[in-house]
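Chemist: This is the structure I have questions about; it appears just below.
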Amino acid sequence: MARHRTVRAALHAAMVFMLIARTSSASKSSAESRLFKDLFENYDPVVRPVMDPLQPVLIKSSYFLMSLGDVDERAQSVSLHGFLLLTWVDEFLTWTPEEYGNLESIFVPVDRMWVPDVIFDNGVGEQFFKKEHYRPRIQSDGLVRWEVGGEIALLCDFAMHDYPFDEQQCKMELVTWAGTDDHIKLYGDIFDAKTYYQEHSNWHVSVPRVANITFTEEGESFSEVYFHFEIGRKSLSDVLNVIIPVILLSVLNGMVFLIPPESGEKICVALTLLLSFSVLQYTIDSSIPSQSDSPPLLDIYITLFVVCSCVVVVQSVFSVRLHCKQKKPITEGAKEFLRIYNKMARLMRCQIAKQNAIHVVHPAKMADTTNNEFTWLKVSSAFDSVWCVAYFLFFFIATAVVLVKLIHF
């Protein structure tokens with residue numbers, strides 16, 4: 001009997017609790033319905049929410065970046081995922097919470113109340129301000145919080161001169177679709193790129209800041225909010241896939257001068273390297289803006305060595321032709337070139353020997369022991385050696401200058 005009484009008491013308590021909860025919920029729902037009716041019975045969503053029509057509506061805007069989307073250098077656009085928070089005071093939507101079941105705030109369909117017509121002026125394509133998807137939250141003191149989120153594509157003027165170590169300056173231009181400063185006044189508060197942000201695989205975002213702009217047009221003032229930010233390229237992938245291959249191909253270009261003409265592969269290797277440079281240049285050009293104000297320094301570097309590769313091909317042809325003249329008598333011009341080359345080579349060997357403290361024969365005596373026979377084979381070899389030294393000097397200087405300018409040492 002005692003057990004049955006306990007069970008009966010528990011069931012009775014549960015039923016009483018459920019009845020009280022249902023009554024409380026119904027009371028709260030009734031209070032919310034009554035509040036909604038009282039607030040919007042004579043409310044006009046077209047009229048600005050200020051008692052004094054001569055006062056503007058102050059709208060505070062903040063943007064919270066969640067992730068960076070597609071970055072299209074050729075279209076010069078960048079897409080962002082995030083949400084815009086707009087807050088203002090609606091002086092017609094206030095109430096005393098105690099009179100409505102202690103309700104502190106309610107969510108209202110956007111078509112039932114006044115909301116500002118704002119848009120990103122530099123947006124591309126469809127904007128994410130689909131009002132029917134986002135309900136403003138109204139507090140009892142009239143403060144309205146409206147969070148509008150989604151993806152938006154923005155125009156951004158890309159400067160590709162320092163590619164792949166470039167940093168781009170971008171901004172979001174928030175404006176009111178209609179309304180001067182006398183009616184609606186925008187001002188920026190926060191640009192948060194940390195709290196909700198997820199890192200991008202190829203770009204990093206830095207230096208977010210807000211700027212409040214006022215401009216005058218036809219005697220009327222308008223307010224705008226600029227959300228500035230920087231995006232910097234993570235260049236490791238481009239270093240591995242572009243810069244290192246370019247440098248290696250440039251080195252191989254110089255190695256063509258060391259291939260003996262009798263091997264029969266000199267011109268073939270030179271042409272192969274020329275085609276490789278052309279393909280690499282086309283690959284880079286297809287991924288960067290074709291109408292940028294200043295071309296990428298790396299593109300200029302590659303173009304320069306494409307020209308050098310063409311020169312290497314021409315030099316290889318001349319070298320092979322010289323090598324094939326063995327049965328023809330050597331000209332006086334070729335003899336003079338060979339004498340100058342031999343003299344310079346002997347001086348360089350003597351200078352190196354002095355730096356290494358090695359005893360060498362005096363150049364004048366060395367000339368007596370040198371084979372003075374002039375042949376086209378020696379002319380071809382000297383021709384290759386001169387071009388090899390000149391090419392590598394140019395390569396080291398050009399590469400050092402380009403890398404210093406790109407990396408900003």
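Ordered as shown in the structure tokens, chains take letters A, B, and onward, while each chain numbers its residues from 1 and ligands are numbered from 1 in the order shown.
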Where does stretch 119-186 of chain A meet stretch 78-90 of chain A within 8 Å, residue by residue, with the nearest atom pair and distance in Å to one decimal for each, counting only C-alpha atoms, listed by chain and rising number, as CSV?

Modeler:
residue,atom,partner,partner_atom,distance
A:Gly142,CA,A:Asp90,CA,5.0
A:Leu143,CA,A:Val89,CA,4.4
A:Val144,CA,A:Trp88,CA,5.4
A:Arg145,CA,A:Thr87,CA,4.7
A:Trp146,CA,A:Leu86,CA,5.2
A:Glu147,CA,A:Leu85,CA,4.5
A:Val148,CA,A:Leu84,CA,5.2
A:Gly149,CA,A:Phe83,CA,3.7
A:Gly150,CA,A:His81,CA,5.7
A:Glu151,CA,A:His81,CA,4.5
A:Ile152,CA,A:Ser79,CA,5.4
A:Ala153,CA,A:Ser79,CA,4.0
A:Leu154,CA,A:Val78,CA,5.4
A:Leu155,CA,A:Val78,CA,6.6
A:Cys156,CA,A:Val78,CA,6.7

Chemist: Could you give me, as a tab-separated table, a per-residue list for stretch 209-236 of chain A showing, wherever an atom lies at most 8 Å from an atom of stretch 166-188 of chain A, the closest pair of atoms and their distance in Å to one decimal, using only C-alpha atoms and sorting by chain then residue number from low to high?

Modeler:
residue	atom	partner	partner_atom	distance
A:Val210	CA	A:Gly188	CA	6.1
A:Ala211	CA	A:Gly188	CA	6.8
A:Asn212	CA	A:Tyr187	CA	5.8
A:Glu220	CA	A:Thr180	CA	6.7
A:Ser221	CA	A:Asp181	CA	5.7
A:Phe222	CA	A:Thr180	CA	5.0
A:Ser223	CA	A:Leu186	CA	5.7
A:Glu224	CA	A:Val175	CA	4.9
A:Val225	CA	A:Leu174	CA	5.1
A:Tyr226	CA	A:Glu173	CA	4.8
A:Phe227	CA	A:Met172	CA	5.0
A:His228	CA	A:Lys171	CA	4.2
A:Phe229	CA	A:Cys170	CA	5.5
A:Glu230	CA	A:Gln169	CA	4.8
A:Ile231	CA	A:Gln168	CA	5.3
A:Gly232	CA	A:Glu167	CA	4.2
A:Arg233	CA	A:Asp166	CA	6.1

Chemist: Considering only C-alpha atoms, can you say which of A:Leu274, A:Val401, A:Val312, A:Leu236 comes closest to A:Leu258?

Modeler: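 Once distances to A:Leu258 are computed over only C-alpha atoms, the minimum belongs to A:Val312.
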
Chemist: When you count only C-alpha atoms, which of these residues is closest to A:Pro245: A:Tyr391, A:Phe257, A:Phe277, A:Phe36?

Modeler: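 Answer, going by the shortest atom-to-atom distance: A:Phe277.
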
Chemist: List every residue of stretch 161-309 of chain A that DSSP, applied to the backbone of this structure, assigns to helix (DSSP H, G or I), and report them as an mmCIF file with N, CA, C and O atoms, in the first residue's frame.

Modeler:
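Okay, part-v1.cif is ready:
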data_model
loop_
_atom_site.group_PDB
_atom_site.id
_atom_site.type_symbol
_atom_site.label_atom_id
_atom_site.label_comp_id
_atom_site.auth_asym_id
_atom_site.auth_seq_id
_atom_site.Cartn_x
_atom_site.Cartn_y
_atom_site.Cartn_z
ATOM 1 N N LEU A 236 54.959 29.355 -50.389
ATOM 2 C CA LEU A 236 55.795 28.157 -50.432
ATOM 3 C C LEU A 236 55.511 27.311 -51.671
ATOM 4 O O LEU A 236 56.440 26.843 -52.343
ATOM 5 N N SER A 237 54.240 27.129 -52.002
ATOM 6 C CA SER A 237 53.886 26.325 -53.171
ATOM 7 C C SER A 237 54.433 26.928 -54.450
ATOM 8 O O SER A 237 54.954 26.217 -55.321
ATOM 9 N N ASP A 238 54.344 28.261 -54.589
ATOM 10 C CA ASP A 238 54.855 28.918 -55.798
ATOM 11 C C ASP A 238 56.378 28.879 -55.858
ATOM 12 O O ASP A 238 56.951 28.807 -56.950
ATOM 13 N N VAL A 239 57.023 28.941 -54.706
ATOM 14 C CA VAL A 239 58.491 28.825 -54.689
ATOM 15 C C VAL A 239 58.909 27.451 -55.198
ATOM 16 O O VAL A 239 59.848 27.333 -56.013
ATOM 17 N N LEU A 240 58.220 26.411 -54.743
ATOM 18 C CA LEU A 240 58.579 25.052 -55.140
ATOM 19 C C LEU A 240 58.204 24.755 -56.588
ATOM 20 O O LEU A 240 58.922 24.022 -57.282
ATOM 21 N N ASN A 241 57.084 25.303 -57.057
ATOM 22 C CA ASN A 241 56.567 24.941 -58.380
ATOM 23 C C ASN A 241 56.916 25.932 -59.473
ATOM 24 O O ASN A 241 56.749 25.611 -60.653
ATOM 25 N N VAL A 242 57.362 27.128 -59.108
ATOM 26 C CA VAL A 242 57.647 28.141 -60.131
ATOM 27 C C VAL A 242 59.088 28.641 -60.032
ATOM 28 O O VAL A 242 59.864 28.505 -60.985
ATOM 29 N N ILE A 243 59.451 29.220 -58.890
ATOM 30 C CA ILE A 243 60.749 29.894 -58.796
ATOM 31 C C ILE A 243 61.912 28.908 -58.928
ATOM 32 O O ILE A 243 62.850 29.133 -59.707
ATOM 33 N N ILE A 244 61.862 27.815 -58.165
ATOM 34 C CA ILE A 244 62.970 26.847 -58.240
ATOM 35 C C ILE A 244 63.094 26.243 -59.641
ATOM 36 O O ILE A 244 64.218 26.153 -60.186
ATOM 37 N N PRO A 245 61.991 25.800 -60.297
ATOM 38 C CA PRO A 245 62.140 25.315 -61.684
ATOM 39 C C PRO A 245 62.708 26.358 -62.636
ATOM 40 O O PRO A 245 63.511 26.022 -63.520
ATOM 41 N N VAL A 246 62.324 27.632 -62.477
ATOM 42 C CA VAL A 246 62.851 28.684 -63.351
ATOM 43 C C VAL A 246 64.363 28.820 -63.164
ATOM 44 O O VAL A 246 65.120 28.913 -64.142
ATOM 45 N N ILE A 247 64.809 28.827 -61.912
ATOM 46 C CA ILE A 247 66.251 28.964 -61.648
ATOM 47 C C ILE A 247 67.013 27.758 -62.182
ATOM 48 O O ILE A 247 68.091 27.900 -62.794
ATOM 49 N N LEU A 248 66.463 26.562 -61.984
ATOM 50 C CA LEU A 248 67.136 25.358 -62.483
ATOM 51 C C LEU A 248 67.213 25.360 -64.007
ATOM 52 O O LEU A 248 68.256 24.986 -64.589
ATOM 53 N N LEU A 249 66.135 25.764 -64.669
ATOM 54 C CA LEU A 249 66.169 25.842 -66.133
ATOM 55 C C LEU A 249 67.186 26.875 -66.605
ATOM 56 O O LEU A 249 67.862 26.677 -67.625
ATOM 57 N N SER A 250 67.307 27.982 -65.859
ATOM 58 C CA SER A 250 68.297 29.002 -66.229
ATOM 59 C C SER A 250 69.717 28.467 -66.101
ATOM 60 O O SER A 250 70.585 28.771 -66.934
ATOM 61 N N VAL A 251 69.950 27.658 -65.053
ATOM 62 C CA VAL A 251 71.277 27.044 -64.896
ATOM 63 C C VAL A 251 71.546 26.072 -66.039
ATOM 64 O O VAL A 251 72.644 26.041 -66.615
ATOM 65 N N LEU A 252 70.539 25.270 -66.381
ATOM 66 C CA LEU A 252 70.714 24.304 -67.478
ATOM 67 C C LEU A 252 70.973 25.025 -68.802
ATOM 68 O O LEU A 252 71.681 24.492 -69.673
ATOM 69 N N ASN A 253 70.393 26.203 -68.954
ATOM 70 C CA ASN A 253 70.666 26.988 -70.162
ATOM 71 C C ASN A 253 72.158 27.245 -70.321
ATOM 72 O O ASN A 253 72.713 27.157 -71.418
ATOM 73 N N GLY A 254 72.811 27.594 -69.210
ATOM 74 C CA GLY A 254 74.240 27.858 -69.268
ATOM 75 C C GLY A 254 75.067 26.600 -69.501
ATOM 76 O O GLY A 254 76.176 26.662 -70.061
ATOM 77 N N MET A 255 74.538 25.444 -69.074
ATOM 78 C CA MET A 255 75.284 24.204 -69.258
ATOM 79 C C MET A 255 75.352 23.777 -70.725
ATOM 80 O O MET A 255 76.178 22.932 -71.086
ATOM 81 N N VAL A 256 74.477 24.360 -71.561
ATOM 82 C CA VAL A 256 74.516 24.028 -72.994
ATOM 83 C C VAL A 256 75.869 24.385 -73.594
ATOM 84 O O VAL A 256 76.380 23.696 -74.495
ATOM 85 N N PHE A 257 76.501 25.463 -73.090
ATOM 86 C CA PHE A 257 77.803 25.891 -73.627
ATOM 87 C C PHE A 257 78.896 24.860 -73.372
ATOM 88 O O PHE A 257 79.943 24.880 -74.037
ATOM 89 N N LEU A 258 78.687 23.983 -72.383
ATOM 90 C CA LEU A 258 79.701 22.971 -72.048
ATOM 91 C C LEU A 258 79.531 21.672 -72.812
ATOM 92 O O LEU A 258 80.351 20.767 -72.682
ATOM 93 N N PRO A 261 80.391 20.176 -79.349
ATOM 94 C CA PRO A 261 79.625 20.212 -80.605
ATOM 95 C C PRO A 261 79.575 18.855 -81.291
ATOM 96 O O PRO A 261 78.590 18.532 -81.963
ATOM 97 N N GLU A 262 80.636 18.050 -81.135
ATOM 98 C CA GLU A 262 80.672 16.761 -81.822
ATOM 99 C C GLU A 262 79.681 15.748 -81.249
ATOM 100 O O GLU A 262 79.459 14.679 -81.843
ATOM 101 N N SER A 263 79.079 16.067 -80.089
ATOM 102 C CA SER A 263 78.114 15.134 -79.493
ATOM 103 C C SER A 263 76.822 15.064 -80.299
ATOM 104 O O SER A 263 76.080 14.082 -80.216
ATOM 105 N N LYS A 266 73.873 19.333 -78.885
ATOM 106 C CA LYS A 266 73.969 20.707 -78.391
ATOM 107 C C LYS A 266 72.731 21.531 -78.756
ATOM 108 O O LYS A 266 72.067 22.135 -77.896
ATOM 109 N N ILE A 267 72.385 21.537 -80.042
ATOM 110 C CA ILE A 267 71.240 22.334 -80.503
ATOM 111 C C ILE A 267 69.935 21.745 -79.980
ATOM 112 O O ILE A 267 69.011 22.473 -79.609
ATOM 113 N N CYS A 268 69.845 20.431 -79.918
ATOM 114 C CA CYS A 268 68.623 19.764 -79.443
ATOM 115 C C CYS A 268 68.323 20.141 -77.987
ATOM 116 O O CYS A 268 67.176 20.452 -77.633
ATOM 117 N N VAL A 269 69.334 20.126 -77.131
ATOM 118 C CA VAL A 269 69.146 20.489 -75.724
ATOM 119 C C VAL A 269 68.751 21.960 -75.598
ATOM 120 O O VAL A 269 67.866 22.317 -74.792
ATOM 121 N N ALA A 270 69.378 22.818 -76.399
ATOM 122 C CA ALA A 270 69.053 24.244 -76.347
ATOM 123 C C ALA A 270 67.599 24.489 -76.738
ATOM 124 O O ALA A 270 66.891 25.282 -76.095
ATOM 125 N N LEU A 271 67.114 23.813 -77.771
ATOM 126 C CA LEU A 271 65.721 23.968 -78.192
ATOM 127 C C LEU A 271 64.754 23.428 -77.144
ATOM 128 O O LEU A 271 63.686 23.999 -76.906
ATOM 129 N N THR A 272 65.115 22.318 -76.495
ATOM 130 C CA THR A 272 64.265 21.743 -75.446
ATOM 131 C C THR A 272 64.110 22.708 -74.275
ATOM 132 O O THR A 272 63.008 22.891 -73.741
ATOM 133 N N LEU A 273 65.197 23.341 -73.896
ATOM 134 C CA LEU A 273 65.129 24.309 -72.795
ATOM 135 C C LEU A 273 64.323 25.544 -73.192
ATOM 136 O O LEU A 273 63.581 26.106 -72.368
ATOM 137 N N LEU A 274 64.426 25.963 -74.444
ATOM 138 C CA LEU A 274 63.628 27.096 -74.919
ATOM 139 C C LEU A 274 62.139 26.777 -74.829
ATOM 140 O O LEU A 274 61.336 27.612 -74.371
ATOM 141 N N LEU A 275 61.747 25.574 -75.242
ATOM 142 C CA LEU A 275 60.338 25.170 -75.161
ATOM 143 C C LEU A 275 59.884 25.069 -73.707
ATOM 144 O O LEU A 275 58.744 25.429 -73.377
ATOM 145 N N SER A 276 60.751 24.584 -72.828
ATOM 146 C CA SER A 276 60.393 24.476 -71.409
ATOM 147 C C SER A 276 60.127 25.852 -70.804
ATOM 148 O O SER A 276 59.166 26.044 -70.040
ATOM 149 N N PHE A 277 60.968 26.824 -71.127
ATOM 150 C CA PHE A 277 60.756 28.185 -70.648
ATOM 151 C C PHE A 277 59.430 28.747 -71.168
ATOM 152 O O PHE A 277 58.688 29.411 -70.435
ATOM 153 N N SER A 278 59.122 28.481 -72.435
ATOM 154 C CA SER A 278 57.894 29.008 -73.029
ATOM 155 C C SER A 278 56.661 28.429 -72.346
ATOM 156 O O SER A 278 55.693 29.147 -72.058
ATOM 157 N N VAL A 279 56.686 27.117 -72.069
ATOM 158 C CA VAL A 279 55.552 26.478 -71.395
ATOM 159 C C VAL A 279 55.385 27.024 -69.979
ATOM 160 O O VAL A 279 54.262 27.305 -69.524
ATOM 161 N N LEU A 280 56.490 27.190 -69.269
ATOM 162 C CA LEU A 280 56.425 27.707 -67.897
ATOM 163 C C LEU A 280 55.897 29.134 -67.878
ATOM 164 O O LEU A 280 55.075 29.502 -67.011
ATOM 165 N N GLN A 281 56.318 29.938 -68.840
ATOM 166 C CA GLN A 281 55.829 31.314 -68.909
ATOM 167 C C GLN A 281 54.333 31.344 -69.202
ATOM 168 O O GLN A 281 53.583 32.132 -68.611
ATOM 169 N N TYR A 282 53.869 30.479 -70.087
ATOM 170 C CA TYR A 282 52.432 30.423 -70.390
ATOM 171 C C TYR A 282 51.630 29.999 -69.167
ATOM 172 O O TYR A 282 50.540 30.536 -68.901
ATOM 173 N N THR A 283 52.160 29.059 -68.384
ATOM 174 C CA THR A 283 51.464 28.598 -67.177
ATOM 175 C C THR A 283 51.304 29.725 -66.169
ATOM 176 O O THR A 283 50.241 29.887 -65.556
ATOM 177 N N ILE A 284 52.335 30.529 -65.984
ATOM 178 C CA ILE A 284 52.259 31.634 -65.037
ATOM 179 C C ILE A 284 51.324 32.723 -65.550
ATOM 180 O O ILE A 284 50.496 33.268 -64.804
ATOM 181 N N ASP A 285 51.421 33.040 -66.843
ATOM 182 C CA ASP A 285 50.580 34.106 -67.410
ATOM 183 C C ASP A 285 49.101 33.760 -67.342
ATOM 184 O O ASP A 285 48.248 34.649 -67.267
ATOM 185 N N LEU A 297 57.318 40.876 -61.607
ATOM 186 C CA LEU A 297 58.763 40.874 -61.799
ATOM 187 C C LEU A 297 59.249 39.492 -62.215
ATOM 188 O O LEU A 297 60.182 39.365 -63.023
ATOM 189 N N LEU A 298 58.616 38.464 -61.681
ATOM 190 C CA LEU A 298 58.988 37.098 -62.048
ATOM 191 C C LEU A 298 58.702 36.836 -63.525
ATOM 192 O O LEU A 298 59.469 36.137 -64.197
ATOM 193 N N ASP A 299 57.612 37.396 -64.042
ATOM 194 C CA ASP A 299 57.285 37.242 -65.458
ATOM 195 C C ASP A 299 58.328 37.926 -66.331
ATOM 196 O O ASP A 299 58.715 37.408 -67.385
ATOM 197 N N ILE A 300 58.791 39.101 -65.892
ATOM 198 C CA ILE A 300 59.860 39.789 -66.628
ATOM 199 C C ILE A 300 61.137 38.954 -66.615
ATOM 200 O O ILE A 300 61.836 38.835 -67.635
ATOM 201 N N TYR A 301 61.429 38.356 -65.447
ATOM 202 C CA TYR A 301 62.619 37.512 -65.319
ATOM 203 C C TYR A 301 62.547 36.323 -66.276
ATOM 204 O O TYR A 301 63.525 35.999 -66.972
ATOM 205 N N ILE A 302 61.380 35.664 -66.325
ATOM 206 C CA ILE A 302 61.231 34.508 -67.218
ATOM 207 C C ILE A 302 61.339 34.935 -68.674
ATOM 208 O O ILE A 302 62.000 34.259 -69.486
ATOM 209 N N THR A 303 60.718 36.060 -69.029
ATOM 210 C CA THR A 303 60.804 36.561 -70.409
ATOM 211 C C THR A 303 62.258 36.853 -70.789
ATOM 212 O O THR A 303 62.703 36.556 -71.911
ATOM 213 N N LEU A 304 62.986 37.418 -69.840
ATOM 214 C CA LEU A 304 64.396 37.723 -70.086
ATOM 215 C C LEU A 304 65.185 36.458 -70.396
ATOM 216 O O LEU A 304 66.002 36.420 -71.332
ATOM 217 N N PHE A 305 64.901 35.397 -69.658
ATOM 218 C CA PHE A 305 65.656 34.160 -69.896
ATOM 219 C C PHE A 305 65.091 33.347 -71.052
ATOM 220 O O PHE A 305 65.770 32.446 -71.561
ATOM 221 N N VAL A 306 63.859 33.629 -71.471
ATOM 222 C CA VAL A 306 63.397 33.073 -72.748
ATOM 223 C C VAL A 306 64.211 33.674 -73.886
ATOM 224 O O VAL A 306 64.627 32.971 -74.824
ATOM 225 N N VAL A 307 64.456 34.981 -73.805
ATOM 226 C CA VAL A 307 65.314 35.646 -74.805
ATOM 227 C C VAL A 307 66.728 35.057 -74.743
ATOM 228 O O VAL A 307 67.345 34.780 -75.787
ATOM 229 N N CYS A 308 67.233 34.873 -73.507
ATOM 230 C CA CYS A 308 68.570 34.262 -73.372
ATOM 231 C C CYS A 308 68.598 32.859 -73.971
ATOM 232 O O CYS A 308 69.598 32.452 -74.579
ATOM 233 N N SER A 309 67.499 32.122 -73.789
ATOM 234 C CA SER A 309 67.444 30.771 -74.345
ATOM 235 C C SER A 309 67.482 30.809 -75.872
ATOM 236 O O SER A 309 68.111 29.946 -76.510
#
